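Worksheet for the structure shown next.
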Amino acid sequence: MEIPSKYDPKRVEQHWYTYWMQHRFFHSTPDGREPYTIVIPPPNVTGVLHMGHMLNNTLQDVLIRRARMQGKNACWVPGTDHASIATEAKVVAKLKAEGVPKASLTREAFLEHAWAWTREYGGVILEQLKKLGCSCDWDRTKFTMDPDMEASVIRVFVDLYRKGLIYRGYRMVNWDPEARTTLSDEEVIYEERQGFLYYIGYPIVGSDDRVIIATTRPETLLGDVAVCVHPGDERFTHLHGKRVRVPICDREVPVIADPYVSMEFGTGCLKITPAHDENDYRIGQQHDLEIIDIFNPDATLNHYGLHYEGMDRFEARKAIVGELEQQGYLIKTEPYTNKVGTSERTGAVIEPRLSDQWFLSMKELAQPAMEAVLSTGEVRLVPSRFENTYRHWMENIRDWNISRQLWWGQRIPAWYYGPGKEDYAVADTPEGALELARQQSGNPGLEASDLRQDEDVLDTWFSSWLWPISVFGGILEPENEEIEYYYPTTDLVTGPDILFFWVARMIMAGYHFRGERPFETVYLTGLVRDKQRRKMSKSLGNSPDALGLIEQYGADGVRVGLLLSAAAGNDLLFDEGLCQQGMNFANKVWNAFRLVQGWQVEDRPQPEEALLGIRWYEARFQATLEEIEDHYAKYRISDALMATYKLVWDDFCSWLLEIVKPPFGEPMDRRTYAAVIGLFEGNLKLLHPFMPFLTEEVWQHIESRKPEEALVVAPWPERQPFEGALLEGFEFTREVISGIRTIRKEKNIPFREAVSLQVLDEEGADRKWELLVRKLANVDQVSLEASAPEGALSFRVRSNEYFIPLEGAVDLEEELRKIREELEYTRGFLASVEKKLSNSRFVDNAPEQVVALERKKAADAAAKIETLEKSLAKLQ
RNA sequence: GGGCUCUUAGCUCAGUUGGUUCAGAGCACCUGCCUUACAAGCAGGGGGUCGUUGGUUCGAAUCCAACAGGGCCCA
């Protein structure tokens, strides 16, 4: 069989993915095995794969593939969410481009377009995950707007409403003027913006004097209803009870006193605009002030804007400042940096706005969720330092604004039957609402046509927070077999940026609706950044094309590249070089396979060094397996990968294969061959979660396998006891071989030229290891010596001394210098150890083990010094 | 402004309850090799006062304090 010298991912990836799917290896149904469950963090239905998704989903795939190999019933539920703001914005933009304004459409017509859009683009990101190799149970693919998922959301809304946890309130909320909807507090991102502080003089009524206020938002003066000073501020006591005239709109407003005002900030005098600032609103309430809202929903000025009506708020700011200046009201402006809230979705500057919204009361829900993470440890955050962030948020939790002024999403199941704010009924269905409405209103004559459903939809996170329950039907049928089997899920892998949006709320929902945690462990990944540490984003254009990377480096290469530097919770500075490294590794494994499969095998005795090498590698494999299991247990996936990488590349390829490799042109014995194949298969198993395609390809090349023997479902290697002495013996031997290679390099002795080796064996080393030295360092003869020979190059390993006789090539001075250097270092080392040992406080206080170790160090060093001194004496 | 967190080799990071020859790994770099699996490779090599300053201790990269400089969350 002809096998190309380079691994070609394109040739194999599609083939094996199709094979796995055909044999339904990713599909899970409840059975007697232990379940291992992951629910995917649902990406936006219309999104495309980006680097964050790749990292996140590669991690999930590694975990799920390993669990599957461990014989657990592995179930990874994929799906998408409807992303109401983002999707609606895209659909609106598309329609606009086609000359169709949203306002010209009915709600139903708009939703038709949105569904069409979803059908067209909805599957894209999931198809991309398949390219990455993700082994999701695709039969279980869920979408937050699926009928059953939607029904779950509605059921939960009604339930929480009836428990009194959902209420309708007139509050100051975060308004996104671009999306024309409210946002929850979590969706607002505060940014530092360079602005100005404007000092404006308000004339005092009945006086020629004026009062100066400082503001960052002069345009809002059109909504001013008062000017406020601190009651204890003596500079302004003469103003109490006076009235001032607001410039431009010429409105007379009172001067009020409230301790909220900071005497230090600005002029100590504050204008009050209750409609456009949360604190002003509070003061307005306390002082019973009027509320004047000067904005339209898109943040242009309304009729209160007078001659600025229709102008954008920022344009209006400039124009108003100009007018104030012209009319002499503007005293001065100074540069000022302030924090501005922006929309997480659209980036628009948030406008505080008063409106009726639906809120979910959080205190009660938060309590068990807080305990689960911080007290009982039922839910574990990895890395644990996120617990602090979690605690801080949970302790200061505020009610959740769950209504959105959008059409794309689950419409709030509240029906109004009268003109009053409280004239509504909440129910699962219009019929249920009608019945309730008749009761509540005492009017049995109400008809369906008298009811008007709330226009708003629910926040997308109000769907997502149920995800681990609703994907298994656990809301609608709380006792169904699936939810009972798969819930609580095992691991959740997501980014820390949605710890509050999603993770915390899922924990709340888990305890509230199931009385149980939704998952055991939350693995928080880092953010993927570029080499300048900037977050990768579409707007910056610094995110490489995900599928392009897979095309270039292969899915396995990209997976390895991403994982190599992805310590949990640490940001990952993405560098394409890492994918290159991943691809190189794939090629390395591929070529190791080419070597092995090219060997001719026949009946012949097994060389002793091959047997020794195999025994050593078995021990090495076990030691590494132990290490890898420990890394997995701690979710240190990149360390698990690195340990596997070194095992395969260094120990297996560079050492074992060189040990067992038959001389050129000679065949190999059957026992060695069979053993090497077995070890190779063990390696493939460890590698499979990281590099599923390559490993399955090689696995199937090794021999033809039945479907149930595919690597994807092969049993994970078992832990076995191993001989530590083999590892120590090999390590010593490796140093000897290294020493000979160094001398070869320094003296330009080509490898094909055999050398002989003389040993001053102070250590009493096991001579079986000489077999490896002979083969790997091309040594033709090994002899034990009683004293240092002359005319030889030397090196030392522990207290052993090795000589390579090489007449004429030996530089005596150089040899002496090397020995003196080693001697000096070792003496210094011994001195420091002895100093420790002579300190009675150390000997008395330190643990016995530590003291014993120090004694051994001293003895070893002393032995080495003796060797060195002897050699020195001989040479001089 | 409040809280959290980090600073170790050129880069990205490990370093567990203070104690092995503990100052590490990968990459990058330097040198030599087209050796019949692999130049996407092989062999060898250099490189750090562990941010600074104090303290605790027989012993500090590790614990404590202050300072300097990053980052995150919240307001």
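Note on naming: chains are A, B, ... as they come in the structure tokens, residues start from 1 per chain, ligands start from 1 in the order shown.
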#### Entry: Within 8 Å of chain A: residues of chain B, using only C-alpha atoms (C1' of nucleotides), as an MDAnalysis selection string
chainID B and resid 3:4 12:13 19:20 26 32 36:38 40 43:44 58:59 73:74
### Message
Taking 3 positions as the minimum chain separation for residues in the same chain, which residues sit within 10 Å of C50 in chain B when counting only C-alpha atoms (C1' of nucleotides)? Answer as a list in words.
### Response
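Selected residues are U7, U8, A23 and A61 of chain B.
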### Query
Quick one: residues within 12 Å of Gln326 in chain A, only C-alpha atoms (C1' of nucleotides) counted, chain neighbours fewer than 6 positions away excluded, as a VMD selection string?
chain A and resid 247 to 248 319 to 320
Atoms kept (N, CA, C and O atoms) for selection, written as an mmCIF file, in the first residue's frame:
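Here's the written file selection-v6.cif:
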data_model
loop_
_atom_site.group_PDB
_atom_site.id
_atom_site.type_symbol
_atom_site.label_atom_id
_atom_site.label_comp_id
_atom_site.auth_asym_id
_atom_site.auth_seq_id
_atom_site.Cartn_x
_atom_site.Cartn_y
_atom_site.Cartn_z
ATOM 1 N N PRO A 247 -32.660 77.874 30.412
ATOM 2 C CA PRO A 247 -32.391 78.527 29.125
ATOM 3 C C PRO A 247 -33.082 77.807 27.972
ATOM 4 O O PRO A 247 -33.421 76.630 28.079
ATOM 5 N N ILE A 248 -33.232 78.467 26.888
ATOM 6 C CA ILE A 248 -33.803 77.986 25.635
ATOM 7 C C ILE A 248 -35.298 77.708 25.733
ATOM 8 O O ILE A 248 -36.087 78.300 25.006
ATOM 9 N N ALA A 319 -25.767 71.524 18.776
ATOM 10 C CA ALA A 319 -26.562 72.688 18.405
ATOM 11 C C ALA A 319 -26.949 73.504 19.638
ATOM 12 O O ALA A 319 -26.872 74.732 19.642
ATOM 13 N N ILE A 320 -27.312 72.792 20.684
ATOM 14 C CA ILE A 320 -27.753 73.489 21.896
ATOM 15 C C ILE A 320 -26.583 74.215 22.554
ATOM 16 O O ILE A 320 -26.717 75.350 23.015
#
### Message
With DSSP run on the backbone, what are the strand (DSSP E) residues within range 291-461 of chain A? I'd like them as a ChimeraX atom specification.
### Response
/A:330-343,351-360,380-382,400-401,403-404,414-416,424-426,452-453,457-458
### Task
Give the alpha helix (DSSP H) residues of range 121-334 of chain A, as assigned by DSSP on the backbone, as a PyMOL selection string.
chain A and resi 121+124-132+147-162+278-286+313-326
### Query
Expressed in Å to a single decimal, how great is the separation between C1' of U21 in chain B and CA of Leu726 in chain A?
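Between C1' of U21 in chain B and CA of Leu726 in chain A the gap works out to 20.5 Å.
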### Task
Identify which of the residues B:U31, B:A25, B:G2, B:G18 lies closest to A60 in chain B, counting only C-alpha atoms (C1' of nucleotides) when measuring atom-to-atom distances.
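Smallest separation from A60 in chain B among the options: B:G18.
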### Message
Just checking: using only C-alpha atoms, which residue out of A:Glu477, A:Asp669, A:Asp780, A:Glu718 ends up closest to Arg155 in chain A?
### Response
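The answer is A:Glu477, which sits nearest to Arg155 in chain A.
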### Message
For range 214-222 of chain A, find every residue with an atom within 6 Å (counting only C-alpha atoms (C1' of nucleotides)), except residues of its own chain fewer than 2 positions away, and show them as a list in words.
### Response
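The residues satisfying every condition are Phe196, Leu197, Tyr198, Tyr199, Asp224, Gly266 and Arg317 of chain A.
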Those selected residues, please, written with all heavy atoms and delivered as an mmCIF file, in the first residue's frame.
data_model
loop_
_atom_site.group_PDB
_atom_site.id
_atom_site.type_symbol
_atom_site.label_atom_id
_atom_site.label_comp_id
_atom_site.auth_asym_id
_atom_site.auth_seq_id
_atom_site.Cartn_x
_atom_site.Cartn_y
_atom_site.Cartn_z
ATOM 1 N N PHE A 196 -17.148 66.463 27.556
ATOM 2 C CA PHE A 196 -16.928 67.775 28.155
ATOM 3 C C PHE A 196 -17.893 67.978 29.304
ATOM 4 O O PHE A 196 -18.980 67.397 29.343
ATOM 5 C CB PHE A 196 -17.161 68.887 27.119
ATOM 6 C CG PHE A 196 -16.128 68.911 26.045
ATOM 7 C CD1 PHE A 196 -16.356 68.258 24.836
ATOM 8 C CD2 PHE A 196 -14.906 69.566 26.238
ATOM 9 C CE1 PHE A 196 -15.399 68.267 23.833
ATOM 10 C CE2 PHE A 196 -13.944 69.570 25.241
ATOM 11 C CZ PHE A 196 -14.187 68.928 24.037
ATOM 12 N N LEU A 197 -17.450 68.803 30.233
ATOM 13 C CA LEU A 197 -18.330 69.255 31.296
ATOM 14 C C LEU A 197 -18.697 70.699 30.945
ATOM 15 O O LEU A 197 -17.806 71.539 30.778
ATOM 16 C CB LEU A 197 -17.577 69.186 32.624
ATOM 17 C CG LEU A 197 -18.408 69.177 33.908
ATOM 18 C CD1 LEU A 197 -19.447 68.061 33.892
ATOM 19 C CD2 LEU A 197 -17.484 69.011 35.107
ATOM 20 N N TYR A 198 -19.997 70.915 30.775
ATOM 21 C CA TYR A 198 -20.450 72.242 30.347
ATOM 22 C C TYR A 198 -20.985 72.997 31.563
ATOM 23 O O TYR A 198 -21.771 72.465 32.336
ATOM 24 C CB TYR A 198 -21.567 72.126 29.304
ATOM 25 C CG TYR A 198 -21.153 71.357 28.068
ATOM 26 C CD1 TYR A 198 -21.295 69.969 28.006
ATOM 27 C CD2 TYR A 198 -20.630 72.022 26.958
ATOM 28 C CE1 TYR A 198 -20.919 69.263 26.875
ATOM 29 C CE2 TYR A 198 -20.250 71.318 25.823
ATOM 30 C CZ TYR A 198 -20.393 69.935 25.786
ATOM 31 O OH TYR A 198 -20.020 69.240 24.674
ATOM 32 N N TYR A 199 -20.540 74.234 31.700
ATOM 33 C CA TYR A 199 -21.022 75.084 32.792
ATOM 34 C C TYR A 199 -22.029 76.058 32.215
ATOM 35 O O TYR A 199 -21.696 76.844 31.322
ATOM 36 C CB TYR A 199 -19.863 75.836 33.438
ATOM 37 C CG TYR A 199 -18.941 74.921 34.219
ATOM 38 C CD1 TYR A 199 -18.032 74.108 33.557
ATOM 39 C CD2 TYR A 199 -18.990 74.877 35.619
ATOM 40 C CE1 TYR A 199 -17.202 73.269 34.269
ATOM 41 C CE2 TYR A 199 -18.160 74.028 36.335
ATOM 42 C CZ TYR A 199 -17.263 73.226 35.658
ATOM 43 O OH TYR A 199 -16.440 72.386 36.352
ATOM 44 N N ASP A 224 -35.407 69.559 31.972
ATOM 45 C CA ASP A 224 -35.160 69.952 33.360
ATOM 46 C C ASP A 224 -36.443 70.361 34.069
ATOM 47 O O ASP A 224 -37.259 71.084 33.503
ATOM 48 C CB ASP A 224 -34.178 71.131 33.412
ATOM 49 C CG ASP A 224 -32.748 70.702 33.187
ATOM 50 O OD1 ASP A 224 -32.519 69.480 33.035
ATOM 51 O OD2 ASP A 224 -31.863 71.566 33.140
ATOM 52 N N GLY A 266 -18.290 69.553 40.228
ATOM 53 C CA GLY A 266 -18.761 70.658 39.390
ATOM 54 C C GLY A 266 -18.887 71.938 40.192
ATOM 55 O O GLY A 266 -17.948 72.377 40.848
ATOM 56 N N ARG A 317 -26.999 68.048 20.965
ATOM 57 C CA ARG A 317 -26.069 68.531 21.988
ATOM 58 C C ARG A 317 -25.201 69.656 21.409
ATOM 59 O O ARG A 317 -25.084 70.720 21.987
ATOM 60 C CB ARG A 317 -25.197 67.397 22.498
ATOM 61 C CG ARG A 317 -24.196 67.849 23.558
ATOM 62 C CD ARG A 317 -23.367 66.707 24.093
ATOM 63 N NE ARG A 317 -24.211 65.666 24.664
ATOM 64 C CZ ARG A 317 -23.748 64.477 25.058
ATOM 65 N NH1 ARG A 317 -22.465 64.180 24.923
ATOM 66 N NH2 ARG A 317 -24.576 63.584 25.573
#
### Task
State, in Å with one decimal place, the distance from CA of Leu165 in chain A to CA of Gln367 in chain A.
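Taking CA of Leu165 in chain A as the start and CA of Gln367 in chain A as the end point, the length is 13.9 Å.
By only C-alpha atoms (C1' of nucleotides), and with residues fewer than 6 positions from range 415-421 of chain A along its chain excluded, the set lying at most 6 Å from it is Leu451, Arg452, Gln453 and Asp454 of chain A.
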Emit the selected residues as a compact mmCIF listing (two decimals), in the first residue's frame, including C-alpha atoms.
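And here is the file that came out, again.txt:
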# COMPACT_ATOMS: atom_id res chain seq x y z
CA LEU A 451 -58.08 40.84 24.69
CA ARG A 452 -54.85 42.36 23.50
CA GLN A 453 -51.62 40.48 24.07
CA ASP A 454 -48.59 42.32 25.44
### Task
Rounded to one decimal place, report the CA of Ala859 in chain A-CA of Ala623 in chain A distance in Å.
27.9 Å
### Near-range 337-351 of chain A list (9 Å; only C-alpha atoms (C1' of nucleotides); drop same-chain fewer than 3 positions) as a PyMOL selection string
chain A and resi 85-86+89+173-179+183+186-197+216+276-277+299
### Contacts of Asn56 in chain A at 8 Å (only C-alpha atoms (C1' of nucleotides); same-chain gap of 2+ positions) as a VMD selection string
chain A and resid 52 to 54 58 to 60 493 to 495 525
### Message
Using only C-alpha atoms (C1' of nucleotides), can you tell me which of B:G51, B:C11, B:A28, B:U17 comes closest to G70 in chain B?
### Response
B:G51
